[in-house]
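Text of my_file-v7.pdb, listed as PDB, C-alpha atoms:
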ATOM      1  CA  ILE U   1     115.546   7.252  46.018
ATOM      2  CA  VAL U   2     116.573   4.905  48.831
ATOM      3  CA  ALA U   3     120.251   5.375  47.922
ATOM      4  CA  ALA U   4     119.816   9.163  47.869
ATOM      5  CA  ARG U   5     118.187   9.016  51.298
ATOM      6  CA  SER U   6     121.067   6.935  52.629
ATOM      7  CA  ARG U   7     123.642   9.408  51.285
ATOM      8  CA  ALA U   8     121.830  12.417  52.756
ATOM      9  CA  MET U   9     121.462  10.723  56.154
ATOM     10  CA  LYS U  10     125.170   9.839  56.201
ATOM     11  CA  THR U  11     126.072  13.441  55.393
ATOM     12  CA  VAL U  12     123.931  14.946  58.159
ATOM     13  CA  ALA U  13     125.277  12.349  60.582
ATOM     14  CA  VAL U  14     128.829  13.488  59.813
ATOM     15  CA  ASP U  15     127.920  17.190  59.607
ATOM     16  CA  PRO U  16     124.626  17.999  61.365
ATOM     17  CA  ARG U  17     124.925  21.618  60.242
ATOM     18  CA  HIS U  18     125.036  20.809  56.524
ATOM     19  CA  GLU U  19     122.036  22.801  55.193
ATOM     20  CA  GLY U  20     122.162  21.302  51.709
ATOM     21  CA  ALA U  21     122.137  17.742  52.992
ATOM     22  CA  TRP U  22     119.130  18.409  55.230
ATOM     23  CA  ASN U  23     117.293  20.002  52.305
ATOM     24  CA  ASN U  24     118.155  17.064  50.032
ATOM     25  CA  LEU U  25     116.974  14.671  52.735
ATOM     26  CA  GLY U  26     113.676  16.561  52.872
ATOM     27  CA  ILE U  27     113.250  16.215  49.107
ATOM     28  CA  VAL U  28     113.930  12.474  49.227
ATOM     29  CA  LEU U  29     111.559  11.956  52.162
ATOM     30  CA  ASP U  30     108.917  13.985  50.319
ATOM     31  CA  ASP U  31     109.332  11.720  47.263
ATOM     32  CA  LEU U  32     108.900   8.718  49.572
ATOM     33  CA  LYS U  33     105.681  10.312  50.920
ATOM     34  CA  LYS U  34     107.185  10.460  54.415
ATOM     35  CA  TYR U  35     105.759  13.932  54.834
ATOM     36  CA  ASP U  36     106.187  14.399  58.577
ATOM     37  CA  GLU U  37     109.861  13.457  58.320
ATOM     38  CA  ALA U  38     110.278  15.722  55.299
ATOM     39  CA  VAL U  39     108.784  18.648  57.214
ATOM     40  CA  ALA U  40     111.220  17.984  60.064
ATOM     41  CA  ALA U  41     114.163  17.977  57.624
ATOM     42  CA  TYR U  42     113.100  21.274  56.033
ATOM     43  CA  ARG U  43     112.539  22.757  59.495
ATOM     44  CA  LYS U  44     116.101  21.739  60.366
ATOM     45  CA  VAL U  45     117.389  23.676  57.353
ATOM     46  CA  ILE U  46     115.439  26.756  58.422
ATOM     47  CA  ALA U  47     116.656  26.429  62.007
ATOM     48  CA  LEU U  48     120.217  26.437  60.694
ATOM     49  CA  ASN U  49     119.541  29.250  58.237
ATOM     50  CA  PRO U  50     116.204  31.132  58.396
ATOM     51  CA  LYS U  51     117.135  32.831  55.111
ATOM     52  CA  HIS U  52     117.301  29.608  53.092
ATOM     53  CA  PRO U  53     114.672  30.327  50.390
ATOM     54  CA  LEU U  54     114.670  26.859  48.846
ATOM     55  CA  ALA U  55     113.720  25.233  52.150
ATOM     56  CA  HIS U  56     110.759  27.618  52.472
ATOM     57  CA  ILE U  57     109.707  26.858  48.889
ATOM     58  CA  ASN U  58     110.001  23.096  49.385
ATOM     59  CA  LEU U  59     108.071  23.306  52.636
ATOM     60  CA  GLY U  60     105.377  25.366  50.922
ATOM     61  CA  LEU U  61     105.073  22.833  48.102
ATOM     62  CA  LEU U  62     104.751  20.034  50.643
ATOM     63  CA  PHE U  63     102.007  21.884  52.559
ATOM     64  CA  GLU U  64     100.216  22.563  49.271
ATOM     65  CA  LYS U  65     100.388  18.849  48.475
ATOM     66  CA  GLU U  66      98.862  18.123  51.893
ATOM     67  CA  ASN U  67      95.993  20.572  51.215
ATOM     68  CA  ASP U  68      97.178  23.046  53.841
ATOM     69  CA  PRO U  69      96.999  26.305  51.855
ATOM     70  CA  ASP U  70      97.451  28.659  54.803
ATOM     71  CA  ARG U  71     100.799  27.170  55.789
ATOM     72  CA  ALA U  72     101.816  26.865  52.138
ATOM     73  CA  ILE U  73     101.171  30.568  51.556
ATOM     74  CA  ARG U  74     103.124  31.512  54.693
ATOM     75  CA  GLU U  75     106.177  29.600  53.489
ATOM     76  CA  PHE U  76     105.920  30.970  49.956
ATOM     77  CA  GLU U  77     105.593  34.513  51.315
ATOM     78  CA  LYS U  78     108.811  33.996  53.274
ATOM     79  CA  ALA U  79     110.502  32.826  50.077
ATOM     80  CA  CYS U  80     109.184  35.915  48.251
ATOM     81  CA  ALA U  81     110.601  38.169  50.974
ATOM     82  CA  LEU U  82     113.992  36.523  50.499
ATOM     83  CA  LEU U  83     113.773  36.432  46.684
ATOM     84  CA  PRO U  84     111.527  39.375  45.730
ATOM     85  CA  GLN U  85     112.690  39.293  42.098
ATOM     86  CA  ASN U  86     112.215  35.548  41.664
ATOM     87  CA  PRO U  87     109.092  34.935  39.539
ATOM     88  CA  ASP U  88     108.682  31.333  40.683
ATOM     89  CA  ALA U  89     108.251  32.406  44.302
ATOM     90  CA  HIS U  90     105.311  34.628  43.341
ATOM     91  CA  PHE U  91     103.931  32.010  40.927
ATOM     92  CA  ASN U  92     103.760  29.427  43.722
ATOM     93  CA  ILE U  93     101.604  31.738  45.849
ATOM     94  CA  ALA U  94      99.378  32.582  42.890
ATOM     95  CA  ASN U  95      98.736  28.885  42.265
ATOM     96  CA  VAL U  96      97.646  28.314  45.864
ATOM     97  CA  TYR U  97      95.246  31.250  45.678
ATOM     98  CA  TYR U  98      93.897  29.932  42.370
ATOM     99  CA  ASN U  99      93.372  26.429  43.737
ATOM    100  CA  ILE U 100      91.411  27.680  46.753
ATOM    101  CA  GLY U 101      89.238  29.993  44.673
ATOM    102  CA  LEU U 102      90.729  33.361  45.675
ATOM    103  CA  TYR U 103      90.962  34.421  42.060
ATOM    104  CA  ASP U 104      91.456  38.150  42.683
ATOM    105  CA  GLU U 105      94.517  37.398  44.835
ATOM    106  CA  ALA U 106      95.705  34.875  42.252
ATOM    107  CA  GLU U 107      95.341  37.499  39.508
ATOM    108  CA  ARG U 108      97.430  39.977  41.511
ATOM    109  CA  LYS U 109     100.252  37.467  42.000
ATOM    110  CA  TYR U 110     100.137  36.203  38.406
ATOM    111  CA  LYS U 111     100.508  39.799  37.220
ATOM    112  CA  LYS U 112     103.507  40.221  39.511
ATOM    113  CA  THR U 113     104.989  37.009  38.122
ATOM    114  CA  LEU U 114     104.451  38.202  34.569
ATOM    115  CA  ASP U 115     106.132  41.515  35.393
ATOM    116  CA  LEU U 116     109.188  39.547  36.495
ATOM    117  CA  LYS U 117     108.964  37.001  33.686
ATOM    118  CA  PRO U 118     107.529  38.821  30.648
ATOM    119  CA  GLY U 119     106.297  36.652  27.826
ATOM    120  CA  SER U 120     105.821  33.492  29.910
ATOM    121  CA  ILE U 121     102.997  31.611  28.190
ATOM    122  CA  PRO U 122     102.140  29.349  31.183
ATOM    123  CA  VAL U 123     101.885  32.362  33.511
ATOM    124  CA  LYS U 124      99.773  34.199  30.934
ATOM    125  CA  HIS U 125      97.450  31.187  30.733
ATOM    126  CA  PHE U 126      96.970  31.031  34.499
ATOM    127  CA  LEU U 127      96.398  34.790  34.672
ATOM    128  CA  MET U 128      93.682  34.525  32.026
ATOM    129  CA  ALA U 129      92.197  31.492  33.800
ATOM    130  CA  ALA U 130      91.972  33.460  37.058
ATOM    131  CA  GLN U 131      90.249  36.276  35.175
ATOM    132  CA  ALA U 132      87.904  33.758  33.551
ATOM    133  CA  GLN U 133      86.973  32.311  36.936
ATOM    134  CA  MET U 134      86.251  35.818  38.259
ATOM    135  CA  ALA U 135      84.046  36.476  35.223
ATOM    136  CA  ASN U 136      82.320  33.155  35.903
ATOM    137  CA  GLN U 137      81.625  34.200  39.490
ATOM    138  CA  GLU U 138      80.272  37.537  38.247
ATOM    139  CA  LYS U 139      78.017  35.635  35.792
ATOM    140  CA  THR U 140      79.619  37.307  32.771
ATOM    141  CA  PHE U 141      79.785  33.919  31.095
ATOM    142  CA  ASP U 142      80.546  35.101  27.567
ATOM    143  CA  LYS U 143      83.639  36.926  28.844
ATOM    144  CA  ALA U 144      84.748  33.822  30.757
ATOM    145  CA  ARG U 145      84.200  31.648  27.702
ATOM    146  CA  ALA U 146      86.222  33.964  25.473
ATOM    147  CA  LEU U 147      89.129  33.906  27.945
ATOM    148  CA  TYR U 148      89.140  30.123  28.153
ATOM    149  CA  GLU U 149      88.860  29.735  24.391
ATOM    150  CA  SER U 150      91.871  32.026  24.007
ATOM    151  CA  ILE U 151      93.844  29.846  26.437
ATOM    152  CA  LEU U 152      92.835  26.603  24.732
ATOM    153  CA  GLU U 153      93.848  27.881  21.300
ATOM    154  CA  ASP U 154      97.425  27.361  22.507
ATOM    155  CA  LYS U 155      96.659  23.721  23.396
ATOM    156  CA  PRO U 156      98.076  23.873  26.949
ATOM    157  CA  GLY U 157      98.961  20.678  28.768
ATOM    158  CA  GLU U 158      97.227  21.513  32.057
ATOM    159  CA  PRO U 159      93.975  19.537  32.520
ATOM    160  CA  ILE U 160      92.603  22.110  34.966
ATOM    161  CA  PHE U 161      91.929  24.560  32.120
ATOM    162  CA  TYR U 162      89.812  22.020  30.235
ATOM    163  CA  ASN U 163      88.020  20.887  33.367
ATOM    164  CA  ASN U 164      87.124  24.431  34.400
ATOM    165  CA  PHE U 165      86.105  25.298  30.848
ATOM    166  CA  GLY U 166      83.845  22.239  30.907
ATOM    167  CA  SER U 167      82.268  23.442  34.145
ATOM    168  CA  LEU U 168      81.621  26.829  32.554
ATOM    169  CA  LEU U 169      80.060  25.290  29.442
ATOM    170  CA  GLU U 170      77.913  23.065  31.621
ATOM    171  CA  LYS U 171      76.681  26.131  33.497
ATOM    172  CA  MET U 172      75.894  27.767  30.132
ATOM    173  CA  GLY U 173      73.885  24.714  29.046
ATOM    174  CA  ASP U 174      76.386  23.543  26.410
ATOM    175  CA  TYR U 175      76.501  19.920  27.534
ATOM    176  CA  PRO U 176      78.201  18.465  24.427
ATOM    177  CA  GLY U 177      80.908  21.128  24.703
ATOM    178  CA  ALA U 178      81.343  20.378  28.405
ATOM    179  CA  LEU U 179      81.593  16.665  27.657
ATOM    180  CA  GLY U 180      84.362  17.289  25.145
ATOM    181  CA  ALA U 181      86.288  19.511  27.564
ATOM    182  CA  TYR U 182      86.101  16.964  30.392
ATOM    183  CA  LYS U 183      87.255  14.210  28.032
ATOM    184  CA  GLU U 184      90.251  16.292  26.985
ATOM    185  CA  ALA U 185      91.167  16.846  30.651
ATOM    186  CA  THR U 186      91.198  13.083  31.286
ATOM    187  CA  ARG U 187      93.166  12.474  28.080
ATOM    188  CA  LEU U 188      95.857  14.875  29.271
ATOM    189  CA  ASP U 189      95.935  13.339  32.742
ATOM    190  CA  PRO U 190      94.235   9.939  33.128
ATOM    191  CA  SER U 191      94.493  10.309  36.926
ATOM    192  CA  TYR U 192      92.600  13.638  36.998
ATOM    193  CA  ALA U 193      89.750  12.386  39.181
ATOM    194  CA  ILE U 194      87.516  15.471  39.225
ATOM    195  CA  SER U 195      87.037  15.301  35.459
ATOM    196  CA  TYR U 196      85.829  11.695  35.667
ATOM    197  CA  PHE U 197      83.290  12.794  38.259
ATOM    198  CA  ASN U 198      82.223  15.636  35.983
ATOM    199  CA  LEU U 199      81.996  13.279  33.007
ATOM    200  CA  GLY U 200      79.671  10.999  34.931
ATOM    201  CA  TYR U 201      77.566  13.952  36.037
ATOM    202  CA  ILE U 202      77.270  15.505  32.575
ATOM    203  CA  CYS U 203      76.355  12.151  31.016
ATOM    204  CA  ASP U 204      73.647  11.821  33.626
ATOM    205  CA  ARG U 205      72.438  15.324  32.756
ATOM    206  CA  MET U 206      72.393  14.297  29.103
ATOM    207  CA  MET U 207      70.182  11.353  30.076
ATOM    208  CA  ASN U 208      72.782   8.739  29.256
ATOM    209  CA  ALA U 209      72.792   6.613  32.376
ATOM    210  CA  ARG U 210      74.912   3.797  30.948
ATOM    211  CA  ARG U 211      77.751   6.122  30.029
ATOM    212  CA  ALA U 212      77.416   7.930  33.373
ATOM    213  CA  ILE U 213      77.934   4.668  35.262
ATOM    214  CA  GLY U 214      80.972   3.945  33.064
ATOM    215  CA  TYR U 215      82.717   7.066  34.301
TER
END
For the file at hand, write its structure as structure tokens.
Amino acid sequence: IVAARSRAMKTVAVDPRHEGAWNNLGIVLDDLKKYDEAVAAYRKVIALNPKHPLAHINLGLLFEKENDPDRAIREFEKACALLPQNPDAHFNIANVYYNIGLYDEAERKYKKTLDLKPGSIPVKHFLMAAQAQMANQEKTFDKARALYESILEDKPGEPIFYNNFGSLLEKMGDYPGALGAYKEATRLDPSYAISYFNLGYICDRMMNARRAIGY
């Protein structure tokens, strides 16, 4: 990464108008967690070429990482305007909406993504998950459960599906089922902190204090 940063910096020093080098520098700085510098590099790309979709996408991903959904959505929308037929541009926006709980907006964008990328199993899963979360909010728990069970039949690799399914089962009073779902989320991603919190909470609800403390 350090070598890649050095190469990109040398290139922009020689040619300050080299859009690709500035974008590559932003990616390297992002990987190094130098987010303010990465933002500045991506902004430089956009200043040179406001119609550079990749810079808008990279900037949106960085803002999403920094928990700034409003700015992330703005950048992704700009990318969508430049690449209206690119499914990934719409998928990025859908994911932000999903993560902040705007499931109706997420559903709309996932459907658009699926129109552009028919047959995509990951997009289908996220669309169904957004619909399940809306059913959860509407207290139609059986519908939400059926949607999640359909997703999990495919054994997806995303821990968020298992975690959210666990939350649903917990709400329905199925504590053993919730426990199993949370465990699967942590198996898929041992760093998935929210599932450890949920494991501790559900163990406490199941009157197992020792196991709760362990999580």
Any idea what's packed within 10 Å of segment 156-164 of chain U, counting all atoms listed in the file, ignoring anything in its chain fewer than 6 positions away? Could you give it as number ranges by chain? U: 99, 121-122, 125-126, 129, 132-133, 148-149, 170, 178-190, 192, 194-196, 198-199
Best match for closeness to Gly26 of chain U among U:Phe141, U:Tyr42, U:Tyr175, U:Phe63, counting all atoms listed in the file: U:Tyr42
Grab the atom CA of Asn58 of chain U to atom CA of Arg108 of chain U distance for me, in Å with one decimal place. 22.5 Å
Name the residues within 6 Å of (118.6, 16.2, 56.5), counting only C-alpha atoms in the file's coordinates, and put them as a CSV table (one decimal) with C-alpha atoms, in the coordinates of the input.
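Wrote it out as selection_1.csv, contents follow:
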chain,number,residue,atom,x,y,z
U,12,VAL,CA,123.9,14.9,58.2
U,21,ALA,CA,122.1,17.7,53.0
U,22,TRP,CA,119.1,18.4,55.2
U,23,ASN,CA,117.3,20.0,52.3
U,25,LEU,CA,117.0,14.7,52.7
U,41,ALA,CA,114.2,18.0,57.6
Apply the PyMOL selection byres ((chain U and resi 72) around 10) to the file shown and report the selected residues as a ChimeraX atom specification. /U:56-71,73-77,92-93,96
What is the atom CA of Ser150 of chain U-atom CA of Gly101 of chain U distance in Å, reported with one decimal? 20.9 Å
Rounded to one decimal in Å, what is the spacing between atom CA of Tyr103 of chain U and atom CA of Pro176 of chain U? 27.0 Å
Give, as JSON, the centre coordinates and the x, y and z edge lengths in Å to one decimal for an axis-aligned box around all listed atoms of segment 74-83 of chain U, padded by 4 Å on each side.
{"center_x": 108.6, "center_y": 33.9, "center_z": 50.7, "size_x": 18.9, "size_y": 16.6, "size_z": 16.0}
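Every polymer residue reaching to within 9 Å of (88.0, 33.4, 38.1), counting all atoms listed in the file, appears in this list: U:Tyr98, U:Gly101, U:Leu102, U:Tyr103, U:Asp104, U:Ala106, U:Glu107, U:Met128, U:Ala129, U:Ala130, U:Gln131, U:Ala132, U:Gln133, U:Met134, U:Ala135, U:Asn136, U:Gln137, U:Glu138, U:Ala144.
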Skipping near chain neighbours, those fewer than 3 positions away, what residues fall within 8 Å of Val123 of chain U using only C-alpha atoms, listed as a PyMOL selection string? chain U and resi 91+110+113-114+120+126-127
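Residues selected in this file by the PyMOL selection byres ((chain U and resi 116) around 12) comprise Leu83, Pro84, Gln85, Asn86, Pro87, Asp88, Ala89, His90, Phe91, Lys109, Tyr110, Lys111, Lys112, Thr113, Leu114, Asp115, Lys117, Pro118, Gly119, Ser120 and Val123 of chain U.
Nearest-residue note for Pro50 of chain U: choosing from U:Ser191, U:Cys203, U:Glu19, U:Asp36, the minimum distance belongs to U:Glu19, counting only C-alpha atoms.
With all atoms listed in the file as the atoms that count, the residue of U:Leu29, U:Met207, U:Arg17, U:Asn24 with the shortest distance to Ala47 of chain U is U:Arg17.
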